[in-house]
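A.B. asks: So here's entry-v2.csv (CSV, C-alpha atoms).
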```
chain,number,residue,atom,x,y,z
A,1,MET,CA,23.1,40.2,4.6
A,2,GLU,CA,24.3,42.9,2.2
A,3,PRO,CA,22.0,43.5,-0.7
A,4,PRO,CA,23.3,41.2,-3.5
A,5,PRO,CA,24.0,42.9,-6.8
A,6,GLU,CA,21.4,42.5,-9.4
A,7,GLU,CA,22.3,42.8,-13.0
A,8,PRO,CA,19.5,42.9,-15.4
A,9,ALA,CA,21.0,41.7,-18.6
A,10,ALA,CA,18.0,42.8,-20.6
A,11,ALA,CA,18.7,42.9,-24.3
A,12,GLU,CA,15.4,42.6,-26.1
A,13,PRO,CA,15.6,41.0,-29.5
A,14,ALA,CA,14.6,43.0,-32.5
A,15,ASP,CA,11.0,42.5,-33.6
A,16,SER,CA,10.9,40.2,-36.5
A,17,GLY,CA,8.6,42.4,-38.5
A,18,GLU,CA,5.5,40.5,-37.8
A,19,ASP,CA,2.2,41.1,-39.5
A,20,PRO,CA,0.1,43.2,-37.2
A,21,MET,CA,-2.9,40.9,-37.6
A,22,THR,CA,-1.0,37.9,-36.5
A,23,LEU,CA,0.6,39.8,-33.7
A,24,LEU,CA,-2.8,40.9,-32.4
A,25,LEU,CA,-4.1,37.3,-32.6
A,26,ARG,CA,-1.1,36.0,-30.8
A,27,LEU,CA,-1.4,38.6,-28.1
A,28,ARG,CA,-5.0,37.7,-27.8
A,29,ALA,CA,-4.2,34.1,-27.3
A,30,GLN,CA,-1.6,35.1,-24.7
A,31,THR,CA,-3.9,37.3,-22.7
A,32,GLN,CA,-6.6,34.6,-22.8
A,33,GLN,CA,-4.1,32.1,-21.4
A,34,GLN,CA,-2.9,34.4,-18.7
A,35,LEU,CA,-6.5,35.2,-17.8
A,36,LEU,CA,-7.2,31.5,-17.5
A,37,GLU,CA,-4.2,31.2,-15.1
A,38,TYR,CA,-5.3,34.0,-12.9
A,39,LYS,CA,-8.9,32.6,-12.8
A,40,SER,CA,-7.6,29.3,-11.7
A,41,LEU,CA,-5.5,31.0,-9.1
A,42,VAL,CA,-8.5,32.8,-7.7
A,43,ASP,CA,-10.5,29.5,-7.7
A,44,ALA,CA,-7.6,27.8,-5.9
A,45,ASN,CA,-7.4,30.5,-3.2
A,46,GLU,CA,-11.0,30.0,-2.4
A,47,GLU,CA,-10.3,26.6,-0.9
A,48,LYS,CA,-9.5,26.7,2.7
A,49,THR,CA,-6.2,25.2,3.8
A,50,PRO,CA,-6.4,23.1,7.0
A,51,GLU,CA,-5.0,24.8,10.0
A,52,GLU,CA,-3.6,21.9,12.0
A,53,ILE,CA,0.0,20.7,11.4
A,54,ILE,CA,-0.1,17.5,9.5
A,55,PRO,CA,3.0,15.3,9.5
A,56,GLU,CA,5.2,15.4,6.4
A,57,LYS,CA,4.4,11.9,5.3
A,58,GLN,CA,0.7,12.6,5.2
A,59,ILE,CA,1.2,15.8,3.2
A,60,GLU,CA,3.3,13.9,0.7
A,61,THR,CA,0.7,11.2,0.3
A,62,LYS,CA,-2.0,14.0,-0.1
A,63,ILE,CA,0.1,15.7,-2.7
A,64,GLU,CA,0.5,12.4,-4.6
A,65,ASP,CA,-3.2,11.8,-4.5
A,66,LEU,CA,-3.9,15.2,-5.9
A,67,GLU,CA,-1.3,14.7,-8.6
A,68,ASN,CA,-2.9,11.4,-9.5
A,69,GLU,CA,-6.3,13.1,-9.7
A,70,ILE,CA,-4.8,15.7,-12.1
A,71,GLU,CA,-3.4,13.0,-14.3
A,72,GLU,CA,-6.6,11.2,-14.4
A,73,VAL,CA,-8.5,14.3,-15.4
A,74,LYS,CA,-6.0,15.0,-18.0
A,75,ILE,CA,-6.2,11.5,-19.5
A,76,ALA,CA,-10.0,11.6,-19.5
A,77,PHE,CA,-9.9,15.0,-21.3
A,78,GLU,CA,-7.5,13.6,-23.9
A,79,MET,CA,-9.7,10.6,-24.6
A,80,LYS,CA,-12.7,12.8,-25.0
A,81,LYS,CA,-10.8,15.1,-27.3
A,82,LEU,CA,-9.8,12.1,-29.4
A,83,ALA,CA,-13.3,10.8,-29.6
A,84,LEU,CA,-14.6,14.3,-30.6
A,85,ASP,CA,-11.9,14.5,-33.3
A,86,ARG,CA,-12.8,11.1,-34.6
A,87,MET,CA,-16.4,12.1,-34.8
A,88,GLN,CA,-15.6,15.3,-36.6
A,89,LEU,CA,-13.4,13.6,-39.0
A,90,SER,CA,-16.0,11.0,-39.8
A,91,THR,CA,-18.7,13.6,-40.4
A,92,ALA,CA,-16.4,15.6,-42.6
A,93,LEU,CA,-15.5,12.5,-44.6
A,94,ARG,CA,-19.2,11.6,-45.0
A,95,LYS,CA,-20.1,15.1,-46.2
A,96,LYS,CA,-17.3,15.1,-48.7
A,97,LEU,CA,-18.4,11.7,-50.0
A,98,GLU,CA,-21.9,12.9,-50.4
A,99,LYS,CA,-20.9,15.9,-52.3
A,100,SER,CA,-18.7,14.5,-55.0
A,101,ASN,CA,-18.7,11.1,-56.6
A,102,VAL,CA,-16.1,11.2,-59.3
A,103,GLN,CA,-13.2,12.6,-57.4
A,104,THR,CA,-13.5,10.2,-54.6
A,105,SER,CA,-12.1,7.3,-56.5
A,106,GLU,CA,-9.0,7.3,-54.5
A,107,LEU,CA,-11.0,7.4,-51.3
A,108,MET,CA,-13.2,4.6,-52.5
A,109,ASP,CA,-10.2,2.5,-53.4
A,110,ASN,CA,-8.7,3.1,-50.0
A,111,MET,CA,-11.9,2.2,-48.3
A,112,LYS,CA,-12.4,-0.9,-50.4
A,113,HIS,CA,-8.9,-2.0,-49.6
A,114,ILE,CA,-9.6,-1.4,-45.9
A,115,LEU,CA,-12.8,-3.5,-46.1
A,116,GLU,CA,-10.9,-6.3,-47.9
A,117,LEU,CA,-8.2,-6.3,-45.3
A,118,ASN,CA,-10.8,-6.4,-42.6
A,119,ARG,CA,-12.5,-9.4,-44.2
A,120,ILE,CA,-9.2,-11.2,-44.4
A,121,ILE,CA,-8.4,-10.4,-40.8
A,122,MET,CA,-11.8,-11.7,-39.7
A,123,LYS,CA,-11.3,-14.9,-41.7
A,124,SER,CA,-7.9,-15.6,-40.3
A,125,GLN,CA,-9.1,-14.8,-36.8
A,126,GLN,CA,-11.9,-17.3,-37.2
A,127,GLU,CA,-9.4,-19.9,-38.4
A,128,SER,CA,-7.1,-19.3,-35.6
A,129,TRP,CA,-10.0,-19.6,-33.2
A,130,ASN,CA,-10.9,-23.0,-34.6
A,131,LEU,CA,-7.4,-24.2,-34.4
A,132,GLU,CA,-7.2,-23.1,-30.8
A,133,ASN,CA,-10.4,-25.0,-30.0
A,134,LYS,CA,-8.9,-28.1,-31.6
A,135,LEU,CA,-5.8,-27.7,-29.6
A,136,LEU,CA,-7.8,-27.3,-26.5
A,137,ASP,CA,-9.7,-30.5,-27.2
A,138,VAL,CA,-6.5,-32.4,-27.7
A,139,LYS,CA,-5.1,-31.1,-24.5
A,140,LYS,CA,-8.2,-32.1,-22.6
A,141,LYS,CA,-8.0,-35.6,-24.0
A,142,ARG,CA,-4.3,-35.8,-23.0
A,143,PHE,CA,-5.1,-34.6,-19.6
A,144,GLU,CA,-7.8,-37.3,-19.2
A,145,LEU,CA,-5.5,-40.0,-20.3
A,146,LYS,CA,-2.9,-38.8,-17.9
A,147,ARG,CA,-5.3,-38.9,-15.1
A,148,ALA,CA,-6.5,-42.4,-16.0
A,149,SER,CA,-2.9,-43.6,-16.1
A,150,GLU,CA,-2.2,-42.0,-12.7
A,151,SER,CA,-5.1,-43.9,-11.2
A,152,LYS,CA,-3.9,-47.1,-12.6
A,153,PHE,CA,-0.5,-46.6,-11.2
A,154,LEU,CA,-2.0,-45.9,-7.9
A,155,GLU,CA,-3.9,-49.1,-8.0
A,156,ILE,CA,-0.8,-51.1,-8.9
A,157,GLN,CA,1.1,-49.5,-6.0
A,158,THR,CA,-1.6,-50.3,-3.5
A,159,GLU,CA,-1.7,-53.9,-4.6
A,160,LYS,CA,2.0,-54.2,-4.3
A,161,ASN,CA,1.9,-52.7,-0.8
A,162,LYS,CA,-0.8,-55.1,0.2
A,163,GLN,CA,1.3,-58.0,-0.9
A,164,LYS,CA,4.3,-56.8,1.0
A,165,ASP,CA,2.2,-56.3,4.1
A,166,ASP,CA,0.8,-59.8,3.8
A,167,LEU,CA,4.3,-61.2,3.5
A,168,ASP,CA,5.5,-59.3,6.5
A,169,SER,CA,2.5,-60.3,8.6
A,170,MET,CA,3.0,-63.8,7.6
A,171,GLU,CA,6.5,-63.8,8.8
A,172,ASN,CA,5.5,-62.4,12.1
A,173,SER,CA,2.5,-64.8,12.7
A,174,ASP,CA,2.6,-67.1,15.6
A,175,LYS,CA,2.3,-70.3,13.6
A,176,ILE,CA,5.7,-69.7,12.2
A,177,LYS,CA,7.1,-68.9,15.6
A,178,THR,CA,5.9,-72.2,17.0
A,179,LEU,CA,7.2,-74.1,14.0
A,180,GLN,CA,10.6,-72.4,14.5
A,181,GLN,CA,10.6,-73.3,18.1
A,182,LYS,CA,9.9,-77.0,17.3
A,183,LEU,CA,12.6,-77.0,14.7
A,184,GLN,CA,15.1,-75.6,17.2
A,185,THR,CA,14.3,-78.3,19.8
A,186,GLU,CA,14.6,-81.1,17.2
A,187,ILE,CA,17.9,-79.8,16.1
A,188,GLN,CA,19.1,-79.7,19.7
A,189,ILE,CA,18.0,-83.3,20.3
A,190,THR,CA,19.7,-84.4,17.2
A,191,THR,CA,22.9,-82.7,18.3
A,192,VAL,CA,22.8,-84.3,21.7
A,193,ILE,CA,22.2,-87.8,20.2
A,194,GLN,CA,25.2,-87.2,17.8
A,195,HIS,CA,27.4,-86.2,20.8
A,196,VAL,CA,26.4,-89.4,22.5
A,197,PHE,CA,27.3,-91.5,19.5
A,198,GLN,CA,30.6,-89.7,19.3
A,199,ASN,CA,31.4,-90.4,22.9
A,200,LEU,CA,30.4,-94.0,22.5
A,201,ILE,CA,32.7,-94.5,19.6
A,202,LEU,CA,35.6,-92.8,21.3
A,203,GLY,CA,35.0,-94.5,24.6
A,204,SER,CA,35.0,-98.0,23.0
A,205,LYS,CA,38.6,-97.4,21.9
A,206,VAL,CA,37.8,-98.6,18.4
A,207,ASN,CA,40.1,-97.4,15.6
A,208,TRP,CA,37.5,-95.3,14.0
A,209,ALA,CA,39.9,-93.8,11.4
A,210,GLU,CA,39.9,-97.1,9.4
A,211,ASP,CA,36.2,-97.5,9.0
A,212,SER,CA,34.7,-94.9,6.7
A,213,ALA,CA,31.2,-95.0,8.3
A,214,LEU,CA,32.5,-94.4,11.8
A,215,LYS,CA,34.9,-91.7,10.5
A,216,GLU,CA,32.0,-89.9,8.9
A,217,THR,CA,29.9,-90.0,12.1
A,218,VAL,CA,32.7,-88.6,14.3
A,219,LEU,CA,33.8,-85.9,11.9
A,220,GLN,CA,30.3,-84.9,11.1
A,221,LEU,CA,29.7,-83.6,14.6
A,222,GLU,CA,32.0,-80.6,14.0
A,223,LYS,CA,29.3,-79.0,12.0
A,224,ASN,CA,27.3,-77.0,14.3
A,225,LEU,CA,23.8,-78.0,13.5
A,226,THR,CA,22.2,-75.3,15.4
A,227,MET,CA,23.2,-72.8,12.8
A,228,ILE,CA,20.7,-73.9,10.2
B,1,MET,CA,9.4,42.8,0.0
B,2,SER,CA,11.4,39.9,1.1
B,3,VAL,CA,9.4,37.1,-0.4
B,4,LEU,CA,9.1,36.8,-4.1
B,5,ARG,CA,5.5,36.4,-5.1
B,6,TRP,CA,4.2,35.6,-8.5
B,7,GLN,CA,0.9,37.3,-8.4
B,8,ASP,CA,2.1,40.6,-7.1
B,9,GLN,CA,2.3,42.2,-10.5
B,10,LEU,CA,0.3,42.1,-13.7
B,11,PRO,CA,2.0,40.5,-16.7
B,12,GLY,CA,3.5,42.8,-19.3
B,13,LEU,CA,2.2,42.5,-22.9
B,14,ASN,CA,4.2,40.0,-24.9
B,15,ALA,CA,6.9,40.0,-22.2
B,16,ALA,CA,8.4,37.0,-20.5
B,17,THR,CA,11.0,37.4,-17.7
B,18,ILE,CA,13.2,34.7,-16.3
B,19,LEU,CA,15.3,35.0,-13.2
B,20,LEU,CA,18.5,33.1,-13.0
B,21,VAL,CA,19.8,32.6,-9.4
B,22,GLY,CA,23.3,31.3,-8.9
B,23,THR,CA,26.8,32.0,-7.7
B,24,GLU,CA,28.6,31.4,-10.9
B,25,ASP,CA,28.3,34.8,-12.5
B,26,ALA,CA,30.2,34.0,-15.7
B,27,LEU,CA,28.2,30.9,-16.4
B,28,LEU,CA,24.9,32.8,-15.8
B,29,GLN,CA,26.0,35.5,-18.1
B,30,GLN,CA,26.8,33.1,-20.8
B,31,LEU,CA,23.5,31.3,-20.4
B,32,ALA,CA,21.7,34.6,-20.5
B,33,ASP,CA,23.4,35.5,-23.7
B,34,SER,CA,22.6,32.2,-25.3
B,35,MET,CA,18.9,32.6,-24.3
B,36,LEU,CA,18.7,36.0,-25.8
B,37,LYS,CA,20.1,34.8,-29.1
B,38,GLU,CA,17.2,32.4,-29.3
B,39,ASP,CA,14.5,33.0,-31.8
B,40,CYS,CA,11.4,33.8,-29.8
B,41,ALA,CA,8.2,35.6,-30.6
B,42,SER,CA,7.8,37.2,-27.3
B,43,ASN,CA,10.1,39.7,-25.7
B,44,LEU,CA,12.5,38.0,-23.5
B,45,LYS,CA,14.1,39.6,-20.4
B,46,VAL,CA,16.7,37.8,-18.4
B,47,HIS,CA,17.5,38.8,-14.9
B,48,LEU,CA,20.5,37.5,-13.1
B,49,ALA,CA,20.9,37.4,-9.3
B,50,HIS,CA,23.5,36.1,-7.0
B,51,SER,CA,21.0,35.2,-4.3
B,52,LEU,CA,17.6,36.1,-3.0
B,53,PRO,CA,16.1,38.3,-1.6
B,54,LEU,CA,16.2,40.8,-4.4
B,55,PRO,CA,16.5,44.4,-3.5
B,56,SER,CA,13.1,46.0,-3.7
B,57,SER,CA,14.4,49.3,-5.0
B,58,VAL,CA,14.7,48.1,-8.6
B,59,ASN,CA,11.6,48.3,-10.7
B,60,ARG,CA,11.3,45.0,-12.3
B,61,PRO,CA,8.6,43.2,-14.3
B,62,ARG,CA,6.7,40.2,-13.2
B,63,ILE,CA,9.0,37.2,-13.0
B,64,ASP,CA,7.6,34.2,-14.8
B,65,LEU,CA,10.3,31.6,-14.2
B,66,ILE,CA,13.0,31.2,-11.6
B,67,VAL,CA,15.9,28.9,-12.4
B,68,PHE,CA,18.3,28.1,-9.5
B,69,VAL,CA,21.7,27.2,-10.9
B,70,VAL,CA,23.7,24.8,-8.7
B,71,ASN,CA,27.3,24.1,-9.5
B,72,LEU,CA,28.1,20.6,-8.5
B,73,HIS,CA,31.7,21.5,-8.0
B,74,SER,CA,31.1,23.9,-5.1
B,75,LYS,CA,29.1,23.3,-1.9
B,76,TYR,CA,28.7,27.1,-1.5
B,77,SER,CA,26.4,27.3,-4.5
B,78,LEU,CA,24.1,24.7,-3.1
B,79,GLN,CA,24.1,26.5,0.3
B,80,ASN,CA,23.3,29.7,-1.5
B,81,VAL,CA,20.5,28.2,-3.4
B,82,GLU,CA,19.0,26.6,-0.3
B,83,GLU,CA,19.0,29.9,1.5
B,84,SER,CA,17.5,31.7,-1.4
B,85,LEU,CA,14.7,29.2,-1.6
B,86,HIS,CA,13.3,30.5,1.6
B,87,HIS,CA,12.5,33.8,0.0
B,88,VAL,CA,10.3,32.4,-2.7
B,89,ASP,CA,6.6,32.2,-2.2
B,90,ALA,CA,4.8,28.8,-2.3
B,91,THR,CA,2.8,29.7,-5.4
B,92,PHE,CA,5.9,29.8,-7.4
B,93,PHE,CA,6.5,26.1,-7.0
B,94,LEU,CA,3.5,25.2,-9.1
B,95,GLY,CA,5.7,24.9,-12.1
B,96,LYS,CA,7.5,28.2,-12.2
B,97,VAL,CA,10.6,27.1,-10.5
B,98,GLY,CA,13.3,24.9,-12.0
B,99,PHE,CA,16.7,23.6,-10.9
B,100,LEU,CA,19.7,23.5,-13.1
B,101,ALA,CA,22.7,21.5,-12.1
B,102,THR,CA,25.9,22.2,-13.9
B,103,GLY,CA,29.3,20.6,-13.9
B,104,ALA,CA,28.2,17.0,-13.8
B,105,GLY,CA,30.5,16.2,-16.7
B,106,ARG,CA,33.7,16.3,-14.7
B,107,GLU,CA,33.0,13.7,-12.1
B,108,SER,CA,36.3,14.1,-10.3
B,109,HIS,CA,35.6,17.8,-9.4
B,110,CYS,CA,32.1,17.1,-8.1
B,111,SER,CA,31.9,17.7,-4.4
B,112,ILE,CA,28.1,17.6,-4.3
B,113,HIS,CA,26.5,14.2,-5.0
B,114,ARG,CA,24.0,14.0,-7.7
B,115,ASN,CA,21.5,12.6,-5.3
B,116,THR,CA,21.6,15.7,-3.1
B,117,VAL,CA,20.4,17.9,-5.8
B,118,LEU,CA,17.9,15.3,-6.9
B,119,LYS,CA,16.4,15.2,-3.4
B,120,LEU,CA,16.3,18.9,-3.3
B,121,ALA,CA,14.3,19.0,-6.5
B,122,GLN,CA,12.0,16.4,-5.3
B,123,ALA,CA,11.4,18.1,-2.0
B,124,TYR,CA,10.3,21.2,-3.8
B,125,ARG,CA,8.6,19.1,-6.5
B,126,SER,CA,10.2,21.0,-9.3
B,127,PRO,CA,12.0,19.8,-12.4
B,128,LEU,CA,15.7,19.3,-12.3
B,129,LEU,CA,17.8,19.7,-15.4
B,130,PHE,CA,21.4,18.7,-15.9
B,131,CYS,CA,23.6,20.7,-18.2
B,132,ASP,CA,27.3,21.4,-18.5
B,133,LEU,CA,27.1,25.1,-19.0
B,134,GLU,CA,30.7,25.4,-20.0
B,135,VAL,CA,30.2,23.5,-23.2
B,136,GLU,CA,28.8,25.6,-26.0
B,137,SER,CA,26.5,23.2,-27.6
B,138,PHE,CA,24.9,22.0,-24.4
B,139,ARG,CA,24.4,25.6,-23.3
B,140,VAL,CA,22.6,26.4,-26.5
B,141,THR,CA,20.3,23.4,-26.2
B,142,MET,CA,19.6,24.3,-22.6
B,143,ALA,CA,18.9,27.8,-23.5
B,144,GLN,CA,16.4,26.6,-26.1
B,145,ARG,CA,14.7,24.5,-23.5
B,146,LEU,CA,14.6,27.3,-21.0
B,147,VAL,CA,13.1,29.7,-23.5
B,148,ARG,CA,10.4,27.2,-24.3
B,149,MET,CA,9.7,26.6,-20.6
B,150,LEU,CA,9.6,30.4,-20.0
B,151,GLN,CA,7.1,30.8,-22.8
B,152,VAL,CA,4.8,28.2,-21.2
B,153,CYS,CA,5.2,29.7,-17.7
B,154,ALA,CA,4.5,33.2,-18.9
B,155,GLY,CA,1.3,32.0,-20.5
B,156,HIS,CA,2.3,32.6,-24.1
B,157,VAL,CA,1.6,29.1,-25.3
B,158,PRO,CA,-2.2,28.6,-25.5
B,159,GLY,CA,-3.4,25.3,-24.0
B,160,VAL,CA,-0.4,24.6,-21.9
B,161,SER,CA,0.0,26.0,-18.4
B,162,ALA,CA,2.9,25.9,-16.0
B,163,LEU,CA,1.3,23.2,-13.9
B,164,ASN,CA,0.6,21.2,-17.0
B,165,LEU,CA,4.2,21.4,-18.0
B,166,LEU,CA,5.3,20.4,-14.5
B,167,SER,CA,3.4,17.1,-14.6
B,168,LEU,CA,4.6,16.5,-18.1
B,169,MET,CA,8.2,17.0,-17.0
B,170,ARG,CA,8.0,14.5,-14.2
B,171,SER,CA,10.5,12.0,-15.3
B,172,SER,CA,10.3,8.3,-14.5
B,173,GLU,CA,13.5,8.5,-12.5
B,174,SER,CA,11.9,10.7,-9.9
B,175,LEU,CA,9.0,8.3,-9.7
B,176,PHE,CA,11.3,5.4,-8.9
B,177,LEU,CA,13.0,7.3,-6.2
B,178,GLU,CA,9.7,8.2,-4.6
B,179,ASP,CA,9.0,4.6,-4.0
B,180,LEU,CA,12.1,4.0,-2.1
```
Mind turning this structure into C-alpha cells?
C.D. replies:
Amino acid sequence: MEPPPEEPAAAEPADSGEDPMTLLLRLRAQTQQQLLEYKSLVDANEEKTPEEIIPEKQIETKIEDLENEIEEVKIAFEMKKLALDRMQLSTALRKKLEKSNVQTSELMDNMKHILELNRIIMKSQQESWNLENKLLDVKKKRFELKRASESKFLEIQTEKNKQKDDLDSMENSDKIKTLQQKLQTEIQITTVIQHVFQNLILGSKVNWAEDSALKETVLQLEKNLTMI
Amino acid sequence: MSVLRWQDQLPGLNAATILLVGTEDALLQQLADSMLKEDCASNLKVHLAHSLPLPSSVNRPRIDLIVFVVNLHSKYSLQNVEESLHHVDATFFLGKVGFLATGAGRESHCSIHRNTVLKLAQAYRSPLLFCDLEVESFRVTMAQRLVRMLQVCAGHVPGVSALNLLSLMRSSESLFLEDL
C-alpha cells in the first residue's frame, strides 16, 4: 500500500494573553491529570492477561461485568462526595451562625420557615396515615361480609342440590316402578274389557247410534287408554 | 511503526492533538478549520490522514484522540476505516477513539445502513457521533464537541479522564441493542 499522504493542518490559535499565574496553575492541573493517567496505565499493565483463547461471548460478558464494576465504584464515589459536601456545608453554616447573631436574621427566617413546613408535613402525614388505617378497617369489614355472604350462598346451593337429588332418586326408586307396572296392567285390562263390550254391542246387531249411552261406549274405545 | 500506540510519546505541554481519519478530504479540512476556530485554552493541533498506517518519517506529537470519519454515502470510506482500525493499538480504545458518521441527512444517498456503523462502534466500544458535516451549523457544533472531547482525552480537564468520558457517553440506545 502506498504511503498515504498526511497533511498536518496545524494552525495554532494565538495565545489569549493569559495571566502567567493562571497559566501555570492550569498547566499544573494538566500535568497532574496526565500523571494520574500514566499511573493508572502502569497499574493496569501489571495485571496479567489470560493466555488461553476465550470465546467472544465470554469476553463480552466479562467486559460488561467490568464496566458495571466501574459504574458502581463511580456511583459510590459520588455518594460519598455528596455526603462530605453536605457535612462541610453544615459545619460552615454552624460556624457562621455561631459567629454573628444580628446578620443571620434572614437565615433564621429561612430556618424557621423550614421548621414550620416540616411540622405541617408531619401533621398531614399523620392525618393521611390515620385515614388510611380507617380505609383499611372498612375494607377488612367489607371483605368479611363478602366472605359470609359467599358461605351463605354456598349453603343455599348445597341445599338446592340435595333437594334435586332427592327428587331424582325418588323418581328412580323401585316403589314407583312397581306402581307404574300395576297401573299399566290395569289399563290393559280395562282396554280389553272395553273391547269386549264393543264387540258385544256390535255383535248383537242393536242400533247403537240411537241410544246415547251405547253410542258413548262404542266411541269411547277410540281413545287409546294406554297412552295415559 | 505500523501500529499507533498512545503511550509511545510523552505529552507536550499544553498541547492536544487530534487525528482525523477519513476519505473525504474536503469535509475533513472543513471540520479541522472549524475546530481550530474554536476558543480553547490549550494549543490545538489537528492532523488529517487518509488512512492508517501513518508514515513514520514525519515527526508528530502524541496523538490524544482519533476520530474515524465514515461517510454513509460511500462504502469505500467504511472499508477504509475498517482497514485502518487494524493499525491502532488496543490501548487507544479506552476512550481515545471516536467514530463520526456523516451524511445521514440525505437518506436516499445512503448506501451504508446506520446499523452497520452502530455495530462497528459497539464492537470497538467507542462512541459514535452523527453529524452532517456539510451543513455549517452542525459542523460548528460537532467541532465544539470534538474540542471538548479532545481536551478530556489529552488530560487537560482535571477530574475527568478519557475512560470516564467513555462511560458517560454510553448512550441508552447502545444499551438496548446490546440486549438483543
A.B. asks: To one decimal place in Å, what is the distance between atom CA of Asp39 of chain B and atom CA of Leu150 of chain B?
C.D. replies: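 Going from atom CA of Asp39 of chain B over to atom CA of Leu150 of chain B, I get 13.0 Å.
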A.B. asks: Taking all atoms listed in the file into account, report as a PyMOL selection string which residues of chain B lie within 6 Å of chain A.
C.D. replies: chain B and resi 45-49+155-156+158
A.B. asks: Give me the residues within 10 Å of Leu20 of chain B as a short mmCIF file (atom, residue, chain, number, x, y, z; two decimals) with C-alpha atoms, in the coordinates of the input, counting only C-alpha atoms and dropping any in the same chain fewer than 5 places off.
C.D. replies:
```cif
data_model
loop_
_atom_site.label_atom_id
_atom_site.label_comp_id
_atom_site.auth_asym_id
_atom_site.auth_seq_id
_atom_site.Cartn_x
_atom_site.Cartn_y
_atom_site.Cartn_z
CA ASP B 25 28.30 34.80 -12.50
CA LEU B 28 24.90 32.80 -15.80
CA GLN B 29 26.00 35.50 -18.10
CA LEU B 31 23.50 31.30 -20.40
CA ALA B 32 21.70 34.60 -20.50
CA VAL B 46 16.70 37.80 -18.40
CA HIS B 47 17.50 38.80 -14.90
CA LEU B 48 20.50 37.50 -13.10
CA ALA B 49 20.90 37.40 -9.30
CA HIS B 50 23.50 36.10 -7.00
CA SER B 51 21.00 35.20 -4.30
CA LEU B 65 10.30 31.60 -14.20
CA ILE B 66 13.00 31.20 -11.60
CA VAL B 67 15.90 28.90 -12.40
CA PHE B 68 18.30 28.10 -9.50
CA VAL B 69 21.70 27.20 -10.90
CA GLY B 98 13.30 24.90 -12.00
CA PHE B 99 16.70 23.60 -10.90
CA LEU B 100 19.70 23.50 -13.10
#
```
A.B. asks: Select, from B:Glu82, B:Ser111, B:Val147, B:Arg139, the residue with the minimum atom-to-atom distance to Ala123 of chain B, counting all atoms listed in the file.
C.D. replies: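 Among the listed residues, B:Glu82 lies closest to Ala123 of chain B.
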A.B. asks: Show which residues sit within 7 Å of Gln9 of chain B, as a list of chain:residue names. Count all atoms listed in the file, and ignore same-chain residues fewer than 2 positions away.
C.D. replies: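 Selected residues are B:Gln7, B:Pro11, B:Arg62.
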A.B. asks: Could you check which of B:Ser161, B:Thr23, B:Val140, B:Cys153 is closest to Leu36 of chain B, using only C-alpha atoms?
C.D. replies: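 Answer, going by the shortest atom-to-atom distance: B:Val140.
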A.B. asks: For Ser167 of chain B, which residue among B:Gln30, B:Asn59, B:Ser126, B:Gln144 is the nearest when counting all atoms listed in the file?
C.D. replies: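 When distances to Ser167 of chain B are compared using all atoms listed in the file, the smallest one comes from B:Ser126.
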A.B. asks: Do you have the atom CA of Ile193 of chain A-atom CA of Thr217 of chain A distance handy?
C.D. replies: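 Here the two named atoms are 11.4 Å from each other.
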A.B. asks: Find the residues with any atom within 9 Å of (33.8, 18.8, -5.2); use all atoms listed in the file and the coordinates as given in the file, and write the answer as a PyMOL selection string.
C.D. replies: chain B and resi 72-75+107-113
A.B. asks: Save out the residues we just selected, C-alpha atoms, as a PDB file, in the frame of the given file.
C.D. replies:
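New file out-v3.pdb:
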```pdb
ATOM      1  CA  LEU B  72      28.100  20.600  -8.500  1.00  0.00           C
ATOM      2  CA  HIS B  73      31.700  21.500  -8.000  1.00  0.00           C
ATOM      3  CA  SER B  74      31.100  23.900  -5.100  1.00  0.00           C
ATOM      4  CA  LYS B  75      29.100  23.300  -1.900  1.00  0.00           C
ATOM      5  CA  GLU B 107      33.000  13.700 -12.100  1.00  0.00           C
ATOM      6  CA  SER B 108      36.300  14.100 -10.300  1.00  0.00           C
ATOM      7  CA  HIS B 109      35.600  17.800  -9.400  1.00  0.00           C
ATOM      8  CA  CYS B 110      32.100  17.100  -8.100  1.00  0.00           C
ATOM      9  CA  SER B 111      31.900  17.700  -4.400  1.00  0.00           C
ATOM     10  CA  ILE B 112      28.100  17.600  -4.300  1.00  0.00           C
ATOM     11  CA  HIS B 113      26.500  14.200  -5.000  1.00  0.00           C
TER      12      HIS B 113
END
```
A.B. asks: Mind giving me the straight-line distance from atom CA of Thr116 of chain B to atom CA of Glu24 of chain B in Å, one decimal?
C.D. replies: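 If I compute the distance from atom CA of Thr116 of chain B to atom CA of Glu24 of chain B, I get 18.9 Å.
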A.B. asks: Smallest atom-to-atom distance to Thr91 of chain B: which of B:Ala104, B:Ala162, B:Met35, B:Leu44, using all atoms listed in the file?
C.D. replies: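 Selected residue with least distance to Thr91 of chain B: B:Ala162.
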